[in-house]
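K.L.:
Please read through the structure below; I'll follow up with questions.
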Amino acid sequence: MRKRISGLGIYAVAYLVFLYLPVVLLPLFAFNDATIIAFPLSGFTTAWFGQLLEIEALHAAVVNSLWIGVTTAVLSTILGICAARASARFEFPAKRGIMGLIMLPLVLPEIIVAVSLLVVLLGIGIELSSWTVILGHVLICTPFSIAILNSAFLALDRSLEEAAYDLGETRWSTFRLITLPLVMPGIISSLLISFTISLDEFIIAFFLSAAEPTLPVYIWGQLRFPTKIPAIMALGTILVALSILLLAIAEYFRRRGIARTGGKDTGGFL
Amino acid sequence: METLAARFRRWRRGEAAAGLSLVSPTLLYALLLLAAPLATIVAFSFWTQDYLTIDRSFTLANYKEAWSDPLYRELMTRSVAISATVTLVTVVLAFPIAYFVSFHVAPEKKSRWIFLITIPFWTSYLLRVFLWKVILGYNGVLNSGLIGLGLIDEPLTFILYNVNAVVITLAHAWAPFAILPIFVALEKIDRSLLEAAQDLGENRVTTFLRVTLPLAMPGVVAATLIVFIPTIGDYVTPRLVGGPDGLMIANMIQVQFMRLNNAPLGATLAISAMFIVGAISLLFLWLNRRFLKVRQ
């Protein structure tokens with residue numbers, strides 16, 4: 001018995017090493033005083049981080065990505081609230097089909113989403129811009145929002161809303177005063193997750209952005225030049241730290257939401 | 001009674017109406033930006049393009065070309081083979097982890113483990129793929145490590161710029177997507193069933209094979225589909241670590257759309273890939289239902 005557990009335990013740790021191997025290498029090379037990305041490491045430097053401050057194209061890409069990420073997060077969370085609330089609270093005709101279509105981008109290869117949007121947008125004469133990237137990002141982020149918000153709405157005790165109706169509140173005021181505060185942690189977690197997905201998404205941005213690249217599109221362009229790699233490693237380190245921070249906050253709110261509605265934590269975002 | 005029944009029916013209608021109107025903004029968005037574009041892509045695959053003008057007369061020429069040209073055939077077979085291998089590797093490697101977290105981790109620590117497993121997935125995809133290139137390269141982390149340990153004399157060359165590298169990198173990228181559904185399925189298993197099996201004389205191995213595994217199959221099936229379907233369309237990994245022999249169909253789709261200005265052929269390749277993947281997925285689901293009686 002004990003031996004079996006430890007065998008699995010060793011496997012679990014080995015698997016975590018496999019999962020974290022690339023992530024751990026990022027800061028190692030970011031602080032490494034060499035232009036070549038290889039072992040052995042030669043010395044400590046923060047020069048690559050300093051270099052980041054001087055690249056203007058990078059700053060433009062960061063601003064563009066932040067703007068796209070925030071807009072995507074807000075739009076997909078609003079669309080997510082509508083769909084998750086409808087699916088958790090109501091029975092309606094063709095529910096499975098409708099929800100299936102909305103959740104489809106979860107399994108659809110991103111390249112299919114990207115090329116089909118590209119063809120349609122060019123076909124009706126819309127010029128590619130940050131907005132076209134946002135359109136695509138909202139499409140792929142909404143299913144994640146719904147997955148998070150669905151559990152928030154399902155955990156909601158319906159009798160609380162009924163009590164509010166009985167006490168004379170209208171549908172809207174009940175939603176605002178009772179439902180919204182209870183699912184707020186889910187909403188915040190959905191905003192953060194959508195933002196993180198949008199910030200990291202490459203394929204759709206690659207196809208649908210025009211003159212102003214997003215951060216991943218900028219990084220993709222730089223990966224071709226060996227001399228630019230160390231600075232990209234530094235940038236990657238910052239991004240990893242940032243996404244871990246955002247995810248930790250999202251996870252905190254998700255758990256608080258579960259605690260608030262009195263549910264049991266089953267773990268995970270999906 | 002009559003009025004009660006009528007009122008009930010009206011209530012039902014009211015609920016359906018409320019649900020539909022609430023879901024309509026999201027549905028409208030999905031119809032306009034997902035269903036319509038997908039339909040357009042299907043239409044495009046039956047059209048032809050001459051530089052920038054689209055000829056809208058119906059033709060199967062694109063499909064003839066896509067399914068008979070040796071280059072496209074090879075890319076397509078390779079993509080399906082890579083996706084299948086990645087799926088097999090990912091799911092087989094993921095199962096023990098999901099099992100470990102579900103059965104051997106204390107309940108209050110489970111969500112911490114799941115959090116730990118999902119974090120690498122949220123860090124820059126491009127950089128993760130790029131770092132696999134660094135790990136697997138000729139002077140890479142793995143080779144210098146193995147040489148340093150004295151396990152090999154010369155760097156291994158079969159691990160970068162080929163199909164192997166693509167499989168390793170994708171298996172890494174999709175790991176959480178395989179672990180989570182299996183974990184959820186394992187969590188749902190009523191633990192008293194396992195005790196009952198052992199009381200009835202099954203040992204640990206037979207309990208696992210006859211109780212745990214069949215009950216976990218819906219999770220395994222979900223994990224398989226969730227990894228298999230999107231993997232066929234991966235663009236970044238084959239491009240960065242695949243080398244010329246590791247390119248996949250998505251790279252060709254991109255070339256058709258962006259370089260060769262042949263959107264119809266690109267659309268045909270995309271539709272064909274989705275068709276093949278869809279057919280294999282349905283076959284897989286049917287086999288599971290038929291022989292293992294898996295119900296989703």
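Just so we're on the same page: first chain in the structure tokens is A, next is B, and so on; residues restart at 1 for each chain, and ligands are numbered from 1 in the order they show up.
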For region 110-112 of chain A, list every protein, DNA or RNA residue within 7 Å, evaluated using only C-alpha atoms, and leave out those in the same chain fewer than 4 positions away; present the list as a PyMOL selection string.
P.N.:
(chain A and resi 116+203-204) or (chain B and resi 233+250+270)
K.L.:
Check every residue of chain B for an atom within 6 Å of chain A, counting only C-alpha atoms, and provide those that qualify as a list in words.
P.N.:
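Close to chain A, chain B has Ala16, Gly19, Leu22, Val23, Thr26, Ala30, Pro37, Leu38, Ile41, Ile97, Ser111, Ile114, Thr123, Ser124, Arg128, Leu131, Ile226, Pro230 and Gly233 of chain B.
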K.L.:
List the neighbours of Glu154 (chain B) out to 10 Å using only C-alpha atoms; skip same-chain residues closer than 6 positions along the sequence, and give me the result as a list in words.
P.N.:
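The residues satisfying every condition are Tyr138, Asn143, Ser144, Leu146 and Ile147 of chain B.
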K.L.:
Write out as an NGL selection string all residues of region 22-248 of chain A that DSSP puts in helix (DSSP H, G or I) for this structure's backbone.
P.N.:
:A and (22-30 or 47-52 or 56-89 or 95-106 or 110-123 or 130-154 or 158-166 or 171-200 or 203-208 or 215-222 or 226-248)
